[in-house]
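Next up, protein_38.csv (CSV, C-alpha atoms and all ligand atoms):
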chain,number,residue,atom,x,y,z
A,201,MET,CA,60.2,187.4,48.0
A,202,ASN,CA,58.9,183.8,47.4
A,203,TRP,CA,60.3,182.3,50.6
A,204,ARG,CA,59.2,178.8,49.8
A,205,ASN,CA,61.1,178.7,46.5
A,206,PHE,CA,64.1,180.5,48.0
A,207,LEU,CA,64.4,178.1,50.9
A,208,ALA,CA,63.9,174.9,48.8
A,209,PRO,CA,67.6,174.3,48.1
A,210,TYR,CA,68.5,175.1,51.7
A,211,ALA,CA,66.0,172.4,52.9
A,212,GLN,CA,67.7,169.9,50.5
A,213,VAL,CA,71.2,170.8,51.8
A,214,VAL,CA,70.0,170.3,55.4
A,215,GLU,CA,68.5,166.9,54.6
A,216,GLU,CA,71.7,165.8,52.7
A,217,LEU,CA,74.0,167.0,55.5
A,218,LYS,CA,71.9,165.3,58.1
A,219,VAL,CA,72.2,162.0,56.3
A,220,LYS,CA,75.9,162.4,55.8
A,221,LEU,CA,76.7,163.3,59.4
A,222,LYS,CA,74.5,160.7,60.9
A,223,GLY,CA,76.2,158.3,58.5
A,224,MET,CA,79.5,159.3,60.1
A,225,ARG,CA,78.1,158.5,63.5
A,226,THR,CA,77.0,155.0,62.3
A,227,GLN,CA,80.4,154.3,60.8
A,228,PHE,CA,82.1,155.2,64.1
A,229,GLU,CA,79.8,152.9,66.0
A,230,PHE,CA,80.5,150.0,63.7
A,231,GLU,CA,84.3,150.5,63.7
A,232,SER,CA,84.9,151.4,67.4
A,233,SER,CA,83.2,151.5,70.7
A,234,HIS,CA,83.5,155.3,70.9
A,235,SER,CA,81.6,157.6,68.5
A,236,PRO,CA,82.8,161.2,68.8
A,237,ILE,CA,79.3,162.2,67.6
A,238,GLU,CA,76.6,161.9,70.2
A,239,PHE,CA,73.8,163.2,68.0
A,240,VAL,CA,73.1,165.4,65.0
A,241,THR,CA,70.3,167.9,64.5
A,242,ALA,CA,69.5,170.2,61.6
A,243,ARG,CA,67.1,172.9,60.6
A,244,VAL,CA,66.3,175.5,58.0
A,245,LYS,CA,66.1,178.9,59.7
A,246,PRO,CA,62.4,180.0,60.0
A,247,VAL,CA,61.4,183.0,57.8
A,248,SER,CA,60.6,185.1,60.9
A,249,SER,CA,64.1,184.5,62.3
A,250,ILE,CA,65.7,185.3,58.9
A,251,LYS,CA,63.8,188.6,58.7
A,252,ASP,CA,64.8,189.4,62.3
A,253,LYS,CA,68.5,188.7,61.6
A,254,MET,CA,68.4,190.7,58.4
A,255,LYS,CA,67.1,193.7,60.3
A,256,ARG,CA,69.5,193.2,63.2
A,257,LYS,CA,72.5,192.9,60.9
A,258,HIS,CA,71.3,195.3,58.2
A,259,ILE,CA,71.4,192.7,55.5
A,260,HIS,CA,69.9,193.7,52.2
A,261,ILE,CA,67.7,191.1,50.5
A,262,ASP,CA,70.1,191.0,47.5
A,263,ASN,CA,73.0,189.9,49.8
A,264,ILE,CA,71.2,187.4,51.9
A,265,GLU,CA,72.8,184.3,50.3
A,266,GLU,CA,76.4,185.5,51.1
A,267,GLU,CA,75.7,187.4,54.3
A,268,LEU,CA,73.2,185.2,56.2
A,269,GLN,CA,75.3,182.1,56.5
A,270,ASP,CA,73.2,180.0,58.8
A,271,ILE,CA,70.0,179.7,56.9
A,272,ALA,CA,70.9,176.0,56.5
A,273,GLY,CA,72.2,174.9,59.9
A,274,VAL,CA,73.5,171.6,61.2
A,275,ARG,CA,74.5,170.8,64.8
A,276,VAL,CA,76.9,168.1,65.8
A,277,VAL,CA,76.9,167.3,69.5
A,278,CYS,CA,79.9,165.5,71.0
A,279,GLN,CA,80.8,164.0,74.4
A,280,PHE,CA,84.2,165.5,74.8
A,281,VAL,CA,86.0,168.7,73.7
A,282,ASP,CA,88.7,166.6,71.9
A,283,ASP,CA,85.9,165.0,69.9
A,284,ILE,CA,85.0,168.4,68.5
A,285,TYR,CA,88.5,168.9,67.1
A,286,ASP,CA,88.5,165.4,65.7
A,287,ILE,CA,85.2,166.0,63.9
A,288,VAL,CA,86.4,169.4,62.6
A,289,GLU,CA,89.5,167.8,61.1
A,290,ARG,CA,87.5,165.1,59.4
A,291,LEU,CA,85.0,167.7,58.0
A,292,LYS,CA,87.8,169.9,56.6
A,293,TYR,CA,89.2,167.1,54.5
A,294,ARG,CA,86.0,165.8,53.0
A,295,ASN,CA,85.6,166.5,49.3
A,296,ASP,CA,81.8,166.8,49.1
A,297,PHE,CA,81.9,170.4,50.3
A,298,GLU,CA,84.4,173.2,51.0
A,299,VAL,CA,85.0,174.8,54.4
A,300,ILE,CA,85.2,178.6,53.7
A,301,GLU,CA,85.4,179.8,57.3
A,302,GLU,CA,86.1,178.5,60.8
A,303,ARG,CA,85.1,180.2,64.0
A,304,ASP,CA,86.6,178.8,67.1
A,305,TYR,CA,84.3,180.0,69.9
A,306,ILE,CA,85.8,177.5,72.2
A,307,ASN,CA,89.2,179.1,72.5
A,308,HIS,CA,87.6,182.4,71.8
A,309,LYS,CA,84.3,182.3,73.7
A,310,LYS,CA,81.7,184.9,73.0
A,311,GLU,CA,80.9,187.8,75.4
A,312,SER,CA,77.7,186.0,76.4
A,313,GLY,CA,79.8,182.9,77.5
A,314,TYR,CA,78.8,181.0,74.3
A,315,ARG,CA,81.2,178.2,73.3
A,316,SER,CA,81.0,176.1,70.1
A,317,TYR,CA,83.1,175.5,66.9
A,318,HIS,CA,81.5,176.8,63.7
A,319,LEU,CA,82.4,175.8,60.2
A,320,ILE,CA,80.9,177.8,57.4
A,321,ILE,CA,80.8,175.6,54.3
A,322,SER,CA,79.9,175.9,50.6
A,323,TYR,CA,77.9,172.9,49.7
A,324,PRO,CA,77.2,172.0,46.0
A,325,VAL,CA,73.6,170.9,45.7
A,326,GLU,CA,72.0,169.5,42.5
A,327,THR,CA,68.8,171.2,41.5
A,328,ILE,CA,66.6,170.7,38.4
A,329,HIS,CA,68.3,173.8,37.0
A,330,GLY,CA,71.8,172.5,37.6
A,331,GLU,CA,74.3,172.7,40.5
A,332,ARG,CA,74.1,175.5,43.1
A,333,LYS,CA,76.5,176.3,45.8
A,334,ILE,CA,74.7,176.9,49.1
A,335,ILE,CA,76.3,178.3,52.2
A,336,ALA,CA,75.6,176.4,55.4
A,337,GLU,CA,76.8,176.5,59.0
A,338,ILE,CA,77.9,173.4,61.0
A,339,GLN,CA,78.0,174.0,64.7
A,340,ILE,CA,80.0,171.5,66.7
A,341,ARG,CA,79.8,171.5,70.5
A,342,THR,CA,79.8,169.3,73.5
A,343,LEU,CA,76.7,168.1,75.4
A,344,ALA,CA,77.5,170.7,78.2
A,345,MET,CA,77.9,173.5,75.7
A,346,ASN,CA,74.7,172.5,74.0
A,347,PHE,CA,72.9,172.5,77.4
A,348,TRP,CA,74.1,176.0,78.1
A,349,ALA,CA,73.4,177.4,74.6
A,350,THR,CA,69.8,175.9,74.5
A,351,ASN,CA,68.9,177.5,77.8
A,352,GLU,CA,70.5,180.8,77.0
A,353,HIS,CA,68.7,180.8,73.6
A,354,SER,CA,65.3,180.3,75.4
A,355,LEU,CA,66.1,183.2,77.8
A,356,ASN,CA,67.1,185.4,74.9
A,357,TYR,CA,63.8,184.6,73.3
A,358,LYS,CA,61.9,185.3,76.5
A,359,TYR,CA,63.6,188.7,77.0
A,360,ASP,CA,63.6,189.5,73.3
A,361,GLY,CA,67.4,189.7,73.3
A,362,ARG,CA,67.6,192.0,76.4
A,363,ILE,CA,68.4,189.6,79.2
A,364,PRO,CA,68.6,191.4,82.6
A,365,GLU,CA,72.1,192.0,83.8
A,366,LYS,CA,71.6,189.8,86.9
A,367,VAL,CA,70.5,186.8,84.7
A,368,ARG,CA,73.3,187.5,82.2
A,369,THR,CA,75.9,187.4,85.0
A,370,ARG,CA,74.5,184.1,86.2
A,371,LEU,CA,74.6,182.7,82.6
A,372,LYS,CA,78.2,183.7,82.3
A,373,ARG,CA,78.9,181.8,85.5
A,374,ALA,CA,76.9,178.8,84.3
A,375,ALA,CA,79.0,178.9,81.0
A,376,GLU,CA,82.2,178.6,83.0
A,377,ALA,CA,80.7,175.8,85.1
A,378,ALA,CA,79.7,173.9,81.9
A,379,PHE,CA,83.2,174.4,80.6
A,380,LYS,CA,84.7,173.2,83.9
A,381,LEU,CA,82.5,170.1,83.6
A,382,ASP,CA,83.9,169.5,80.1
A,383,GLU,CA,87.5,169.9,81.4
A,384,GLU,CA,86.9,167.5,84.3
A,385,MET,CA,85.2,164.9,82.1
A,386,SER,CA,88.1,165.1,79.7
A,387,LYS,CA,90.4,164.1,82.5
A,388,VAL,CA,88.4,160.9,83.1
A,389,LYS,CA,87.7,160.3,79.3
A,390,ASP,CA,89.8,157.1,79.1
A,391,GLU,CA,88.0,155.6,82.1
A,392,ILE,CA,84.6,156.5,80.6
A,393,GLN,CA,85.5,155.1,77.3
A,394,GLU,CA,86.7,151.9,78.9
A,395,ALA,CA,83.4,151.6,80.7
A,396,GLN,CA,81.5,152.2,77.4
A,397,ARG,CA,83.6,149.5,75.7
A,398,ILE,CA,82.8,147.0,78.4
A,399,PHE,CA,79.1,147.9,78.3
A,400,LYS,CA,79.1,147.5,74.5
A,401,THR,CA,80.9,144.1,74.5
A,402,ASN,CA,78.6,142.8,77.2
A,403,LYS,CA,75.5,144.0,75.4
A,404,GLU,CA,76.7,142.4,72.1
A,405,SER,CA,77.3,139.0,73.8
A,406,ASP,CA,73.9,139.2,75.5
A,407,ASP,CA,72.3,139.9,72.1
A,408,LYS,CA,73.8,136.7,70.5
B,501,LIG,P1,69.4,180.6,65.9
B,501,LIG,O1,68.0,180.8,66.4
B,501,LIG,O2,70.2,179.5,66.6
B,501,LIG,O3,69.4,180.4,64.4
B,501,LIG,P2,75.7,186.9,65.5
B,501,LIG,O4,74.2,186.6,65.3
B,501,LIG,O5,76.1,188.2,65.1
B,501,LIG,O6,76.1,186.5,66.9
B,501,LIG,P3,76.7,185.4,63.2
B,501,LIG,O7,77.6,186.4,62.5
B,501,LIG,O8,75.5,185.1,62.5
B,501,LIG,O9,76.5,185.9,64.7
B,501,LIG,O10,77.6,184.2,63.3
B,501,LIG,P4,77.9,183.2,64.5
B,501,LIG,O11,77.9,183.9,65.8
B,501,LIG,O12,79.1,182.4,64.1
B,501,LIG,O13,76.6,182.2,64.5
B,501,LIG,C1,75.4,182.5,64.8
B,501,LIG,C2,74.7,181.3,65.5
B,501,LIG,O14,75.5,180.8,66.5
B,501,LIG,C3,73.4,181.8,66.2
B,501,LIG,O15,72.4,181.8,65.3
B,501,LIG,C4,73.3,180.7,67.3
B,501,LIG,O16,72.8,179.5,66.8
B,501,LIG,C5,74.7,180.5,67.7
B,501,LIG,N1,75.2,181.5,68.7
B,501,LIG,C6,76.1,182.5,68.5
B,501,LIG,N2,76.2,183.2,69.6
B,501,LIG,C7,75.4,182.7,70.5
B,501,LIG,C8,75.1,182.9,71.9
B,501,LIG,O17,75.7,183.9,72.5
B,501,LIG,N3,74.2,182.2,72.5
B,501,LIG,C9,73.5,181.1,71.9
B,501,LIG,N4,72.6,180.4,72.6
B,501,LIG,N5,73.8,180.8,70.6
B,501,LIG,C10,74.7,181.6,69.9
B,501,LIG,P5,71.2,182.8,65.6
B,501,LIG,O18,70.6,183.3,64.3
B,501,LIG,O19,71.6,183.9,66.5
B,501,LIG,O20,70.1,181.9,66.3

What is this structure when it is put down as structure tokens?
Amino acid sequence: MNWRNFLAPYAQVVEELKVKLKGMRTQFEFESSHSPIEFVTARVKPVSSIKDKMKRKHIHIDNIEEELQDIAGVRVVCQFVDDIYDIVERLKYRNDFEVIEERDYINHKKESGYRSYHLIISYPVETIHGERKIIAEIQIRTLAMNFWATNEHSLNYKYDGRIPEKVRTRLKRAAEAAFKLDEEMSKVKDEIQEAQRIFKTNKESDDK
């Protein structure tokens, strides 16, 4: 397998999606004081992780394009849970890619405690050999969900996927605490946004 050639269109998709989603953030900032997008990150899955996942999920190399759907991955991090659903709706109605699957791990959290909203998309990318449809995953989550997932991911790495029961229980509790934080913040969302509006207006008049 020539991984460099295989991953080239995925790298292109990741770059294009990053520009487009960061562009959404900029537009929101121009048009209103609240951007539902806090930040955007993107990556192509490293070859070692691709090989691990293929082994774990028994994916044959011939089926990798259809079955390994997160080789190209983009993450959109929002302030509030409502923002996630706002972004999901906007992404579903774009005409530069097609959403082929939705996974709502917010209303249906994973056994680990993981919460996030995943969109699996088919993205048409222009190559020198013509158009290719590449499958990519967009993960949309709040800052609190991201904090939890990043820490849990590190622990999974440390324990090679076999986190001790005691730590796992703590992580589940931490996931609930993070979600509680999201719920509480949602209740004061209007107040927070009002404060951000005042801050933005003051800053703009200071900059004049
Ligand atoms: P990485 O290193 O982030 O790329 P599966 O792997 O079977 O759970 P599947 O079918 O690939 O899942 O699809 P899923 O669950 O919709 O998306 C997988 C990706 O979501 C993972 O990629 C993680 O990025 C994230 N994710 C899913 N479950 C969890 C979880 O319990 N904890 C954390 N921290 N992230 C999760 P990878 O390849 O596992 O990892």

Got a sec: who's within 10 Å of stretch 266-276 of chain A, counting only C-alpha atoms, leaving out chain neighbours fewer than 6 positions off, as a compact mmCIF listing (two decimals) with C-alpha atoms, keeping the file's coordinate frame?
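Full text of part-v4.txt as output:
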# COMPACT_ATOMS: atom_id res chain seq x y z
CA LEU A 207 64.40 178.10 50.90
CA PRO A 209 67.60 174.30 48.10
CA TYR A 210 68.50 175.10 51.70
CA ALA A 211 66.00 172.40 52.90
CA GLN A 212 67.70 169.90 50.50
CA VAL A 213 71.20 170.80 51.80
CA VAL A 214 70.00 170.30 55.40
CA GLU A 215 68.50 166.90 54.60
CA LEU A 217 74.00 167.00 55.50
CA LYS A 218 71.90 165.30 58.10
CA LEU A 221 76.70 163.30 59.40
CA LYS A 222 74.50 160.70 60.90
CA ARG A 225 78.10 158.50 63.50
CA PRO A 236 82.80 161.20 68.80
CA ILE A 237 79.30 162.20 67.60
CA GLU A 238 76.60 161.90 70.20
CA PHE A 239 73.80 163.20 68.00
CA VAL A 240 73.10 165.40 65.00
CA THR A 241 70.30 167.90 64.50
CA ALA A 242 69.50 170.20 61.60
CA ARG A 243 67.10 172.90 60.60
CA VAL A 244 66.30 175.50 58.00
CA LYS A 245 66.10 178.90 59.70
CA PRO A 246 62.40 180.00 60.00
CA VAL A 247 61.40 183.00 57.80
CA SER A 249 64.10 184.50 62.30
CA ILE A 250 65.70 185.30 58.90
CA LYS A 253 68.50 188.70 61.60
CA MET A 254 68.40 190.70 58.40
CA LYS A 257 72.50 192.90 60.90
CA HIS A 258 71.30 195.30 58.20
CA ILE A 259 71.40 192.70 55.50
CA HIS A 260 69.90 193.70 52.20
CA ILE A 284 85.00 168.40 68.50
CA ILE A 287 85.20 166.00 63.90
CA SER A 316 81.00 176.10 70.10
CA TYR A 317 83.10 175.50 66.90
CA HIS A 318 81.50 176.80 63.70
CA LEU A 319 82.40 175.80 60.20
CA ILE A 320 80.90 177.80 57.40
CA ILE A 321 80.80 175.60 54.30
CA SER A 322 79.90 175.90 50.60
CA ILE A 334 74.70 176.90 49.10
CA ILE A 335 76.30 178.30 52.20
CA ALA A 336 75.60 176.40 55.40
CA GLU A 337 76.80 176.50 59.00
CA ILE A 338 77.90 173.40 61.00
CA GLN A 339 78.00 174.00 64.70
CA ILE A 340 80.00 171.50 66.70
CA ARG A 341 79.80 171.50 70.50
CA THR A 342 79.80 169.30 73.50
CA LEU A 343 76.70 168.10 75.40
CA ASN A 346 74.70 172.50 74.00

Given 6 Å and all atoms listed in the file, residues near ligand LIG 501 (chain B) as a VMD selection string: chain A and resid 245 312 314 349 to 350 352 to 353

Have a look at atom CA of A:Ile392 and atom CA of A:Ser235 and let me know their distance in Å, one decimal. 12.5 Å

Between atom CA of A:Ile328 and atom CA of A:Arg204, what is the distance, to one decimal in Å? 15.8 Å

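Atom pair atom CA of A:Ala374 / atom CA of A:Gly361: separated by 18.2 Å.
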
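Counting only C-alpha atoms and comparing A:Glu231, A:Glu216, A:Asp282, A:Asp262, the residue that lies closest to A:Asp390 is A:Asp282.
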
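By chain and then residue number, the residues within 12 Å of A:Lys387 are Phe280, Val281, Asp282, Lys380, Leu381 and Gln393 of chain A, counting all atoms listed in the file and disregarding those fewer than 6 positions away in sequence.
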